[in-house]
$ cat start37.cif   # mmCIF, C-alpha atoms
data_data
loop_
_atom_site.group_PDB
_atom_site.id
_atom_site.type_symbol
_atom_site.label_atom_id
_atom_site.label_comp_id
_atom_site.auth_asym_id
_atom_site.auth_seq_id
_atom_site.Cartn_x
_atom_site.Cartn_y
_atom_site.Cartn_z
ATOM 1 C CA MET H 1 3.356 -24.424 22.528
ATOM 2 C CA LYS H 2 3.166 -24.997 18.780
ATOM 3 C CA ASN H 3 0.700 -24.062 16.057
ATOM 4 C CA ILE H 4 -0.338 -25.165 12.586
ATOM 5 C CA LEU H 5 -2.891 -23.769 10.170
ATOM 6 C CA TYR H 6 -5.912 -25.910 9.321
ATOM 7 C CA LYS H 7 -8.165 -24.296 6.711
ATOM 8 C CA ASN H 8 -6.378 -21.037 7.493
ATOM 9 C CA THR H 9 -7.358 -21.462 11.163
ATOM 10 C CA LYS H 10 -4.787 -21.666 13.966
ATOM 11 C CA ILE H 11 -4.651 -24.993 15.811
ATOM 12 C CA SER H 12 -2.498 -25.027 18.946
ATOM 13 C CA PHE H 13 -0.809 -28.137 20.340
ATOM 14 C CA THR H 14 2.013 -29.444 22.512
ATOM 15 C CA ASP H 15 4.415 -32.283 21.733
ATOM 16 C CA SER H 16 6.424 -33.860 24.559
ATOM 17 C CA GLY H 17 8.587 -36.943 25.052
ATOM 18 C CA LYS H 18 9.551 -39.842 22.812
ATOM 19 C CA GLY H 19 8.062 -43.255 22.132
ATOM 20 C CA ASN H 20 4.570 -44.449 21.274
ATOM 21 C CA ALA H 21 2.304 -41.520 20.434
ATOM 22 C CA ILE H 22 -0.553 -40.672 22.806
ATOM 23 C CA VAL H 23 -3.015 -37.912 21.907
ATOM 24 C CA LEU H 24 -4.993 -36.277 24.735
ATOM 25 C CA LEU H 25 -8.142 -34.353 23.773
ATOM 26 C CA HIS H 26 -9.946 -32.085 26.236
ATOM 27 C CA GLY H 27 -13.692 -31.634 26.607
ATOM 28 C CA PHE H 28 -16.162 -28.771 26.183
ATOM 29 C CA LEU H 29 -15.035 -25.539 27.938
ATOM 30 C CA GLU H 30 -11.629 -27.114 28.633
ATOM 31 C CA ASN H 31 -8.265 -26.805 26.887
ATOM 32 C CA LYS H 32 -4.968 -28.629 26.612
ATOM 33 C CA LYS H 33 -3.687 -27.164 29.911
ATOM 34 C CA MET H 34 -5.931 -29.620 31.780
ATOM 35 C CA TRP H 35 -3.507 -32.428 30.881
ATOM 36 C CA LYS H 36 -0.373 -30.868 32.443
ATOM 37 C CA GLU H 37 0.168 -33.508 35.166
ATOM 38 C CA TYR H 38 -0.717 -36.333 32.784
ATOM 39 C CA VAL H 39 1.736 -35.077 30.153
ATOM 40 C CA GLU H 40 4.495 -34.974 32.764
ATOM 41 C CA LEU H 41 3.732 -38.568 33.756
ATOM 42 C CA PHE H 42 3.199 -40.176 30.365
ATOM 43 C CA SER H 43 5.932 -38.316 28.452
ATOM 44 C CA GLU H 44 8.540 -40.138 30.545
ATOM 45 C CA LYS H 45 8.015 -43.191 28.315
ATOM 46 C CA ASN H 46 5.803 -41.940 25.464
ATOM 47 C CA ARG H 47 5.390 -39.118 22.984
ATOM 48 C CA VAL H 48 2.396 -37.124 24.248
ATOM 49 C CA ILE H 49 0.479 -34.664 22.087
ATOM 50 C CA THR H 50 -2.222 -32.370 23.455
ATOM 51 C CA ILE H 51 -4.383 -30.344 21.084
ATOM 52 C CA ASP H 52 -6.729 -27.421 21.611
ATOM 53 C CA LEU H 53 -9.934 -28.257 19.743
ATOM 54 C CA LEU H 54 -11.614 -25.634 17.567
ATOM 55 C CA GLY H 55 -12.651 -22.512 19.456
ATOM 56 C CA HIS H 56 -10.956 -23.631 22.686
ATOM 57 C CA GLY H 57 -7.684 -22.660 24.341
ATOM 58 C CA GLU H 58 -5.240 -21.177 21.848
ATOM 59 C CA SER H 59 -7.040 -22.588 18.783
ATOM 60 C CA ASP H 60 -9.263 -20.323 16.710
ATOM 61 C CA SER H 61 -12.882 -20.874 15.765
ATOM 62 C CA LEU H 62 -13.813 -22.082 12.292
ATOM 63 C CA GLY H 63 -17.308 -20.956 11.365
ATOM 64 C CA TYR H 64 -20.478 -21.257 13.430
ATOM 65 C CA VAL H 65 -20.677 -25.052 13.765
ATOM 66 C CA HIS H 66 -17.701 -27.098 14.930
ATOM 67 C CA GLU H 67 -18.612 -30.581 13.770
ATOM 68 C CA MET H 68 -16.838 -33.460 15.446
ATOM 69 C CA GLU H 69 -15.530 -34.507 12.018
ATOM 70 C CA GLU H 70 -14.021 -31.047 11.495
ATOM 71 C CA ASN H 71 -12.216 -31.328 14.822
ATOM 72 C CA ALA H 72 -11.050 -34.839 13.896
ATOM 73 C CA ASN H 73 -9.628 -33.559 10.627
ATOM 74 C CA ALA H 74 -7.803 -30.811 12.516
ATOM 75 C CA VAL H 75 -6.337 -33.456 14.854
ATOM 76 C CA ASN H 76 -5.217 -35.451 11.837
ATOM 77 C CA GLU H 77 -3.585 -32.340 10.371
ATOM 78 C CA VAL H 78 -1.483 -32.020 13.526
ATOM 79 C CA LEU H 79 -0.463 -35.685 13.330
ATOM 80 C CA GLU H 80 0.424 -35.340 9.638
ATOM 81 C CA HIS H 81 2.534 -32.301 10.507
ATOM 82 C CA LEU H 82 4.357 -34.366 13.151
ATOM 83 C CA ASN H 83 4.725 -37.404 10.837
ATOM 84 C CA ILE H 84 2.872 -39.643 13.300
ATOM 85 C CA GLU H 85 1.184 -42.640 11.691
ATOM 86 C CA LYS H 86 -0.362 -44.498 14.637
ATOM 87 C CA VAL H 87 -1.753 -43.177 17.932
ATOM 88 C CA THR H 88 -3.427 -44.091 21.150
ATOM 89 C CA ILE H 89 -6.103 -41.451 21.545
ATOM 90 C CA LEU H 90 -7.851 -40.394 24.733
ATOM 91 C CA GLY H 91 -10.794 -38.013 24.705
ATOM 92 C CA HIS H 92 -12.541 -36.473 27.691
ATOM 93 C CA SER H 93 -16.273 -35.842 27.146
ATOM 94 C CA MET H 94 -16.485 -33.835 23.876
ATOM 95 C CA GLY H 95 -12.912 -34.933 23.207
ATOM 96 C CA GLY H 96 -14.272 -38.485 23.205
ATOM 97 C CA TYR H 97 -16.788 -37.541 20.499
ATOM 98 C CA VAL H 98 -13.900 -36.154 18.445
ATOM 99 C CA SER H 99 -11.842 -39.298 19.113
ATOM 100 C CA LEU H 100 -14.675 -41.462 17.780
ATOM 101 C CA ALA H 101 -15.016 -39.287 14.693
ATOM 102 C CA PHE H 102 -11.253 -39.644 14.196
ATOM 103 C CA ALA H 103 -11.536 -43.427 14.580
ATOM 104 C CA GLU H 104 -14.239 -43.518 11.912
ATOM 105 C CA LEU H 105 -12.354 -41.267 9.475
ATOM 106 C CA PHE H 106 -8.868 -42.703 10.068
ATOM 107 C CA PRO H 107 -9.326 -46.262 11.433
ATOM 108 C CA ASP H 108 -5.837 -47.375 10.410
ATOM 109 C CA LYS H 109 -4.270 -44.669 12.561
ATOM 110 C CA ILE H 110 -5.833 -45.876 15.821
ATOM 111 C CA LYS H 111 -3.807 -48.133 18.097
ATOM 112 C CA LYS H 112 -5.996 -47.825 21.215
ATOM 113 C CA LEU H 113 -8.947 -45.636 22.229
ATOM 114 C CA VAL H 114 -9.921 -44.254 25.641
ATOM 115 C CA LEU H 115 -13.321 -42.660 26.221
ATOM 116 C CA LEU H 116 -13.070 -40.718 29.475
ATOM 117 C CA ASN H 117 -16.481 -39.665 30.819
ATOM 118 C CA SER H 118 -17.759 -39.823 27.260
ATOM 119 C CA THR H 119 -20.152 -41.811 25.097
ATOM 120 C CA SER H 120 -20.418 -43.218 21.588
ATOM 121 C CA LYS H 121 -24.144 -42.492 21.503
ATOM 122 C CA GLU H 122 -25.659 -39.482 19.780
ATOM 123 C CA ASP H 123 -27.661 -36.908 21.715
ATOM 124 C CA SER H 124 -31.204 -37.883 22.633
ATOM 125 C CA ALA H 125 -34.013 -35.561 21.548
ATOM 126 C CA GLU H 126 -34.048 -34.133 25.080
ATOM 127 C CA LYS H 127 -30.296 -33.482 25.053
ATOM 128 C CA LYS H 128 -30.528 -31.772 21.667
ATOM 129 C CA LEU H 129 -33.190 -29.502 23.098
ATOM 130 C CA ASN H 130 -30.948 -28.802 26.088
ATOM 131 C CA ARG H 131 -28.077 -27.859 23.746
ATOM 132 C CA THR H 132 -30.366 -25.351 22.027
ATOM 133 C CA ARG H 133 -31.350 -23.941 25.423
ATOM 134 C CA ALA H 134 -27.684 -23.759 26.400
ATOM 135 C CA ILE H 135 -26.875 -21.737 23.267
ATOM 136 C CA LYS H 136 -29.594 -19.258 24.187
ATOM 137 C CA ALA H 137 -28.433 -19.137 27.819
ATOM 138 C CA VAL H 138 -24.762 -18.485 27.044
ATOM 139 C CA LYS H 139 -25.674 -15.688 24.649
ATOM 140 C CA GLN H 140 -27.766 -14.056 27.386
ATOM 141 C CA ASN H 141 -25.381 -14.553 30.322
ATOM 142 C CA TYR H 142 -21.934 -15.808 29.327
ATOM 143 C CA VAL H 143 -20.295 -15.754 32.781
ATOM 144 C CA GLY H 144 -23.309 -17.231 34.547
ATOM 145 C CA PHE H 145 -23.640 -20.032 32.015
ATOM 146 C CA VAL H 146 -19.965 -21.028 32.126
ATOM 147 C CA SER H 147 -19.752 -20.900 35.934
ATOM 148 C CA LEU H 148 -22.830 -23.072 36.390
ATOM 149 C CA ALA H 149 -21.841 -25.480 33.609
ATOM 150 C CA ILE H 150 -18.452 -26.172 35.220
ATOM 151 C CA ALA H 151 -19.814 -26.680 38.752
ATOM 152 C CA ASN H 152 -22.416 -29.108 37.410
ATOM 153 C CA LEU H 153 -19.736 -31.410 35.995
ATOM 154 C CA PHE H 154 -18.631 -32.525 39.456
ATOM 155 C CA SER H 155 -20.482 -34.920 41.740
ATOM 156 C CA GLU H 156 -22.398 -33.081 44.457
ATOM 157 C CA ASN H 157 -20.188 -34.271 47.300
ATOM 158 C CA ASN H 158 -17.074 -32.939 45.516
ATOM 159 C CA ARG H 159 -18.339 -29.398 44.890
ATOM 160 C CA ILE H 160 -17.219 -28.282 48.347
ATOM 161 C CA ARG H 161 -14.208 -30.584 48.729
ATOM 162 C CA LEU H 162 -12.746 -29.502 45.391
ATOM 163 C CA ALA H 163 -13.957 -25.880 45.465
ATOM 164 C CA ASN H 164 -10.493 -24.421 44.775
ATOM 165 C CA LYS H 165 -9.862 -26.715 41.831
ATOM 166 C CA ILE H 166 -13.342 -25.994 40.443
ATOM 167 C CA GLU H 167 -12.547 -22.268 40.532
ATOM 168 C CA LYS H 168 -9.384 -22.889 38.498
ATOM 169 C CA VAL H 169 -11.368 -24.909 35.934
ATOM 170 C CA LYS H 170 -13.855 -22.022 35.727
ATOM 171 C CA GLU H 171 -11.026 -19.532 35.179
ATOM 172 C CA GLU H 172 -9.801 -21.516 32.173
ATOM 173 C CA ALA H 173 -13.345 -22.094 30.887
ATOM 174 C CA LEU H 174 -14.032 -18.342 30.935
ATOM 175 C CA LYS H 175 -11.220 -17.888 28.403
ATOM 176 C CA THR H 176 -13.301 -19.817 25.849
ATOM 177 C CA PRO H 177 -14.789 -17.343 23.336
ATOM 178 C CA LEU H 178 -18.541 -17.192 22.848
ATOM 179 C CA GLN H 179 -18.229 -18.326 19.234
ATOM 180 C CA GLY H 180 -16.231 -21.376 20.314
ATOM 181 C CA ILE H 181 -18.873 -22.305 22.885
ATOM 182 C CA VAL H 182 -21.838 -21.901 20.538
ATOM 183 C CA ALA H 183 -20.129 -23.651 17.610
ATOM 184 C CA SER H 184 -19.203 -26.610 19.837
ATOM 185 C CA LEU H 185 -22.729 -26.911 21.242
ATOM 186 C CA GLU H 186 -24.069 -26.902 17.679
ATOM 187 C CA GLY H 187 -21.516 -29.535 16.681
ATOM 188 C CA MET H 188 -22.262 -31.834 19.597
ATOM 189 C CA LYS H 189 -25.993 -31.510 18.950
ATOM 190 C CA ILE H 190 -25.694 -32.887 15.403
ATOM 191 C CA ARG H 191 -23.014 -35.506 15.993
ATOM 192 C CA LYS H 192 -23.556 -39.031 14.671
ATOM 193 C CA ASP H 193 -24.146 -42.131 16.746
ATOM 194 C CA ARG H 194 -20.931 -44.152 16.647
ATOM 195 C CA GLU H 195 -21.742 -47.051 18.947
ATOM 196 C CA TRP H 196 -21.048 -49.405 16.041
ATOM 197 C CA LEU H 197 -17.352 -48.556 16.329
ATOM 198 C CA LEU H 198 -17.209 -50.175 19.764
ATOM 199 C CA HIS H 199 -18.828 -53.330 18.418
ATOM 200 C CA GLU H 200 -16.335 -53.759 15.568
ATOM 201 C CA ASN H 201 -13.609 -54.575 18.103
ATOM 202 C CA ARG H 202 -10.947 -53.322 15.690
ATOM 203 C CA PHE H 203 -8.748 -51.877 18.430
ATOM 204 C CA PRO H 204 -8.642 -51.987 22.249
ATOM 205 C CA VAL H 205 -11.164 -49.632 23.843
ATOM 206 C CA LEU H 206 -11.254 -48.426 27.440
ATOM 207 C CA LEU H 207 -14.424 -46.769 28.728
ATOM 208 C CA ILE H 208 -14.024 -44.808 31.969
ATOM 209 C CA LEU H 209 -17.198 -43.672 33.722
ATOM 210 C CA GLY H 210 -18.244 -41.867 36.882
ATOM 211 C CA LYS H 211 -21.119 -43.519 38.729
ATOM 212 C CA LYS H 212 -22.387 -40.097 39.886
ATOM 213 C CA ASP H 213 -21.794 -38.327 36.578
ATOM 214 C CA PRO H 214 -24.369 -35.495 36.359
ATOM 215 C CA VAL H 215 -23.954 -35.344 32.565
ATOM 216 C CA LEU H 216 -23.930 -38.981 31.436
ATOM 217 C CA ASN H 217 -26.321 -41.508 32.926
ATOM 218 C CA TYR H 218 -24.172 -44.346 34.231
ATOM 219 C CA GLU H 219 -26.581 -47.228 33.475
ATOM 220 C CA ASP H 220 -27.288 -45.944 29.960
ATOM 221 C CA SER H 221 -23.551 -45.661 29.329
ATOM 222 C CA LEU H 222 -22.957 -49.308 30.258
ATOM 223 C CA ALA H 223 -25.289 -50.528 27.513
ATOM 224 C CA GLN H 224 -23.036 -49.310 24.692
ATOM 225 C CA ILE H 225 -20.286 -51.826 25.487
ATOM 226 C CA GLU H 226 -22.448 -54.932 25.883
ATOM 227 C CA ASP H 227 -21.138 -57.732 23.637
ATOM 228 C CA THR H 228 -17.915 -55.833 22.930
ATOM 229 C CA THR H 229 -14.312 -56.380 24.000
ATOM 230 C CA ALA H 230 -14.170 -52.894 25.543
ATOM 231 C CA GLU H 231 -12.767 -52.622 29.054
ATOM 232 C CA LEU H 232 -14.748 -50.727 31.680
ATOM 233 C CA VAL H 233 -13.422 -48.793 34.649
ATOM 234 C CA SER H 234 -15.932 -47.093 36.945
ATOM 235 C CA PHE H 235 -15.163 -44.453 39.558
ATOM 236 C CA GLU H 236 -17.479 -43.342 42.356
ATOM 237 C CA ASP H 237 -17.601 -39.669 41.388
ATOM 238 C CA GLY H 238 -18.675 -37.338 38.589
ATOM 239 C CA HIS H 239 -17.836 -36.200 35.052
ATOM 240 C CA MET H 240 -14.347 -34.910 35.878
ATOM 241 C CA SER H 241 -12.473 -38.125 36.651
ATOM 242 C CA HIS H 242 -9.135 -36.517 35.744
ATOM 243 C CA ILE H 243 -9.631 -34.246 38.791
ATOM 244 C CA GLU H 244 -12.044 -36.149 41.049
ATOM 245 C CA ASN H 245 -10.210 -39.473 40.760
ATOM 246 C CA LYS H 246 -6.809 -38.280 39.584
ATOM 247 C CA GLU H 247 -4.457 -40.750 41.253
ATOM 248 C CA GLU H 248 -6.593 -43.804 40.445
ATOM 249 C CA LEU H 249 -6.943 -42.607 36.856
ATOM 250 C CA LYS H 250 -3.190 -42.262 36.449
ATOM 251 C CA ILE H 251 -2.766 -45.905 37.466
ATOM 252 C CA VAL H 252 -5.525 -47.111 35.122
ATOM 253 C CA LEU H 253 -4.150 -45.181 32.149
ATOM 254 C CA THR H 254 -0.527 -46.177 32.787
ATOM 255 C CA ASP H 255 -1.622 -49.805 32.665
ATOM 256 C CA PHE H 256 -3.716 -49.360 29.491
ATOM 257 C CA PHE H 257 -1.041 -47.380 27.655
ATOM 258 C CA SER H 258 1.707 -49.936 28.365
#
$ encode --input "start37.cif" --output "structure tokens"
Amino acid sequence: MKNILYKNTKISFTDSGKGNAIVLLHGFLENKKMWKEYVELFSEKNRVITIDLLGHGESDSLGYVHEMEENANAVNEVLEHLNIEKVTILGHSMGGYVSLAFAELFPDKIKKLVLLNSTSKEDSAEKKLNRTRAIKAVKQNYVGFVSLAIANLFSENNRIRLANKIEKVKEEALKTPLQGIVASLEGMKIRKDREWLLHENRFPVLLILGKKDPVLNYEDSLAQIEDTTAELVSFEDGHMSHIENKEELKIVLTDFFS
């Protein structure tokens, strides 16, 4: 576990292995611990960096809105600290939004990009309204909000099968401070549409989707990569492919990273 200061704010990260640099970014209510098995696998042949985004895990909050660009700049600060010039970056859900912001701000530093259960599109008007409702809900009932939010990330048929794993995800999510949750919701609500990045075809892109994702509509998600060189991998389950489809995902990522 290592730390740097970004704008006088602690950013926590891990750095394992040697070789081509791979950065793994967690999603909303997650932290870098989610990548443990993936770090063990990929650090055998690569240098793997995991980073706690603002207000998550061991990283501190920075103000009341965590913009995706602010997170991307914090990621870049870690890479500068480690003297890493070029990376393959993978972002799960909100981590994908940060990855896209990073790709826009630092295009020359991107070797490959993986969007895992994520999208390049901005929030619809309805989703922005839902973010505002979520902010109100978490302020009123923190534990209830977090518990429900985590369960709703999994496909319905996996909520019983993976009950023990879901409880562990909840345990980690409940370590996320209220300020980190609210600031991230505010940041996601105002994020830019970055679909144009996928159409520039400047670097290889892999989009991984769950057909029963309760968060991202599968058909809508397909539209963003029409007429692009992006690769698509679809799993049969929900928003948490790194848990719901773990072994298949490891194979897909090993192939893409090579």
$ resolve_selection --input "start37.cif" --expression "the PyMOL selection byres ((chain H and resi 122-137) around 7)" --output "PyMOL selection string"
chain H and resi 120-121+138-141+145+182+185+189+191-193
$ write_last_selection --input "start37.cif" --atoms "C-alpha atoms" --output "CSV table (one decimal), in the coordinates of the input"
chain,number,residue,atom,x,y,z
H,120,SER,CA,-20.4,-43.2,21.6
H,121,LYS,CA,-24.1,-42.5,21.5
H,138,VAL,CA,-24.8,-18.5,27.0
H,139,LYS,CA,-25.7,-15.7,24.6
H,140,GLN,CA,-27.8,-14.1,27.4
H,141,ASN,CA,-25.4,-14.6,30.3
H,145,PHE,CA,-23.6,-20.0,32.0
H,182,VAL,CA,-21.8,-21.9,20.5
H,185,LEU,CA,-22.7,-26.9,21.2
H,189,LYS,CA,-26.0,-31.5,19.0
H,191,ARG,CA,-23.0,-35.5,16.0
H,192,LYS,CA,-23.6,-39.0,14.7
H,193,ASP,CA,-24.1,-42.1,16.7
$ resolve_selection --input "start37.cif" --expression "the PyMOL selection byres ((chain H and resi 201-216) around 8)" --output "number ranges by chain"
H: 110-119, 152-155, 197-200, 217-218, 220-221, 228-239, 241, 256
$ resolve_selection --input "start37.cif" --expression "the PyMOL selection byres ((chain H and resi 29-34) around 9)" --output "MDAnalysis selection string"
chainID H and resid 12:14 24:28 35:38 50:53 56:58 146 149:150 169:170 172:176 180:181 242
$ atom_distance --input "start37.cif" --atom1 "CA of Met94 in chain H" --atom2 "CA of Ser258 in chain H"
24.7 Å
$ atom_distance --input "start37.cif" --atom1 "CA of Ala74 in chain H" --atom2 "CA of Leu62 in chain H"
10.6 Å
$ closest_atom_pairs --input "start37.cif" --of "range 167-218 of chain H" --to "range 64-72 of chain H" --cutoff "6 Å" --atoms "only C-alpha atoms" --output "CSV"
residue,atom,partner,partner_atom,distance
H:Ala183,CA,H:Val65,CA,4.1
H:Ser184,CA,H:His66,CA,5.2
H:Glu186,CA,H:Val65,CA,5.5
H:Gly187,CA,H:Glu67,CA,4.2
$ axis_aligned_box --input "start37.cif" --around "range 47-65 of chain H" --padding-each-side "5 Å" --output "JSON"
{"center_x": -7.6, "center_y": -29.7, "center_z": 17.9, "size_x": 36.1, "size_y": 28.8, "size_z": 23.0}
$ atom_distance --input "start37.cif" --atom1 "CA of Asn20 in chain H" --atom2 "CA of Ser99 in chain H"
17.3 Å
$ closest_residue --input "start37.cif" --among "H:Asn76, H:Ser59, H:Thr88, H:Thr254" --to "Leu41 in chain H" --atoms "only C-alpha atoms"
H:Thr254
$ closest_residue --input "start37.cif" --among "H:Leu178, H:Leu82, H:Leu54, H:Met188" --to "Tyr97 in chain H" --atoms "all atoms listed in the file"
H:Met188
$ closest_residue --input "start37.cif" --among "H:His81, H:His92, H:Lys18, H:Lys7" --to "Gly63 in chain H" --atoms "only C-alpha atoms"
H:Lys7
$ residues_near_point --input "start37.cif" --point "(3.4, -24.5, 17.4)" --cutoff "10 Å" --atoms "all atoms listed in the file" --output "PDB file with C-alpha atoms, keeping the file's coordinate frame"
ATOM      1  CA  MET H   1       3.356 -24.424  22.528  1.00  0.00           C
ATOM      2  CA  LYS H   2       3.166 -24.997  18.780  1.00  0.00           C
ATOM      3  CA  ASN H   3       0.700 -24.062  16.057  1.00  0.00           C
ATOM      4  CA  ILE H   4      -0.338 -25.165  12.586  1.00  0.00           C
ATOM      5  CA  LEU H   5      -2.891 -23.769  10.170  1.00  0.00           C
ATOM      6  CA  LYS H  10      -4.787 -21.666  13.966  1.00  0.00           C
ATOM      7  CA  ILE H  11      -4.651 -24.993  15.811  1.00  0.00           C
ATOM      8  CA  SER H  12      -2.498 -25.027  18.946  1.00  0.00           C
ATOM      9  CA  PHE H  13      -0.809 -28.137  20.340  1.00  0.00           C
ATOM     10  CA  THR H  14       2.013 -29.444  22.512  1.00  0.00           C
ATOM     11  CA  ASP H  15       4.415 -32.283  21.733  1.00  0.00           C
ATOM     12  CA  VAL H  78      -1.483 -32.020  13.526  1.00  0.00           C
TER      13      VAL H  78
END
$ closest_residue --input "start37.cif" --among "H:Val87, H:Ile166, H:Ile243, H:Ile225" --to "Ser147 in chain H" --atoms "all atoms listed in the file"
H:Ile166
$ build_atoms --input "start37.cif" --residues "range 242-250 of chain H" --atoms "all heavy atoms" --output "CSV table (one decimal), keeping the file's coordinate frame"
chain,number,residue,atom,x,y,z
H,242,HIS,N,-10.5,-36.9,35.8
H,242,HIS,CA,-9.1,-36.5,35.7
H,242,HIS,C,-8.8,-35.6,36.9
H,242,HIS,O,-7.6,-35.4,37.2
H,242,HIS,CB,-8.8,-35.8,34.4
H,242,HIS,CG,-9.6,-34.6,34.1
H,242,HIS,ND1,-10.9,-34.7,33.8
H,242,HIS,CD2,-9.3,-33.3,34.2
H,242,HIS,CE1,-11.4,-33.5,33.6
H,242,HIS,NE2,-10.5,-32.6,33.9
H,243,ILE,N,-9.8,-35.1,37.6
H,243,ILE,CA,-9.6,-34.2,38.8
H,243,ILE,C,-10.2,-35.0,40.0
H,243,ILE,O,-9.5,-35.1,41.0
H,243,ILE,CB,-10.3,-32.9,38.7
H,243,ILE,CG1,-9.7,-32.1,37.5
H,243,ILE,CG2,-10.3,-32.1,40.0
H,243,ILE,CD1,-10.5,-30.8,37.2
H,244,GLU,N,-11.4,-35.5,39.9
H,244,GLU,CA,-12.0,-36.1,41.0
H,244,GLU,C,-11.4,-37.5,41.4
H,244,GLU,O,-11.4,-37.9,42.6
H,244,GLU,CB,-13.5,-36.4,40.7
H,244,GLU,CG,-14.3,-35.1,40.5
H,244,GLU,CD,-15.8,-35.4,40.1
H,244,GLU,OE1,-16.0,-35.5,38.9
H,244,GLU,OE2,-16.6,-35.4,41.0
H,245,ASN,N,-10.8,-38.2,40.5
H,245,ASN,CA,-10.2,-39.5,40.8
H,245,ASN,C,-8.8,-39.5,40.1
H,245,ASN,O,-8.4,-40.5,39.5
H,245,ASN,CB,-11.1,-40.6,40.2
H,245,ASN,CG,-12.5,-40.5,40.6
H,245,ASN,OD1,-13.4,-40.0,39.9
H,245,ASN,ND2,-12.8,-40.9,41.8
H,246,LYS,N,-8.1,-38.5,40.3
H,246,LYS,CA,-6.8,-38.3,39.6
H,246,LYS,C,-5.8,-39.4,39.8
H,246,LYS,O,-5.3,-40.0,38.8
H,246,LYS,CB,-6.2,-36.9,40.0
H,246,LYS,CG,-4.9,-36.6,39.3
H,246,LYS,CD,-4.5,-35.2,39.5
H,246,LYS,CE,-4.2,-35.0,41.0
H,246,LYS,NZ,-3.7,-33.6,41.2
H,247,GLU,N,-5.5,-39.8,41.0
H,247,GLU,CA,-4.5,-40.8,41.3
H,247,GLU,C,-4.9,-42.1,40.7
H,247,GLU,O,-4.0,-42.8,40.2
H,247,GLU,CB,-4.1,-40.8,42.7
H,247,GLU,CG,-3.5,-39.5,43.3
H,247,GLU,CD,-2.4,-39.0,42.4
H,247,GLU,OE1,-1.5,-39.8,42.0
H,247,GLU,OE2,-2.3,-37.7,42.2
H,248,GLU,N,-6.1,-42.5,41.0
H,248,GLU,CA,-6.6,-43.8,40.4
H,248,GLU,C,-6.6,-43.8,38.9
H,248,GLU,O,-6.2,-44.8,38.3
H,248,GLU,CB,-8.0,-44.1,40.9
H,248,GLU,CG,-8.2,-44.1,42.4
H,248,GLU,CD,-8.8,-42.8,42.9
H,248,GLU,OE1,-8.2,-41.7,42.6
H,248,GLU,OE2,-9.9,-42.8,43.5
H,249,LEU,N,-6.9,-42.7,38.3
H,249,LEU,CA,-6.9,-42.6,36.9
H,249,LEU,C,-5.5,-42.8,36.3
H,249,LEU,O,-5.3,-43.4,35.3
H,249,LEU,CB,-7.6,-41.3,36.4
H,249,LEU,CG,-7.6,-41.1,34.9
H,249,LEU,CD1,-8.5,-42.1,34.2
H,249,LEU,CD2,-8.2,-39.7,34.6
H,250,LYS,N,-4.6,-42.1,36.9
H,250,LYS,CA,-3.2,-42.3,36.4
H,250,LYS,C,-2.8,-43.7,36.4
H,250,LYS,O,-2.1,-44.2,35.4
H,250,LYS,CB,-2.3,-41.5,37.4
H,250,LYS,CG,-2.3,-40.0,37.2
H,250,LYS,CD,-1.4,-39.3,38.1
H,250,LYS,CE,-1.4,-37.8,38.0
H,250,LYS,NZ,-0.5,-37.1,39.0
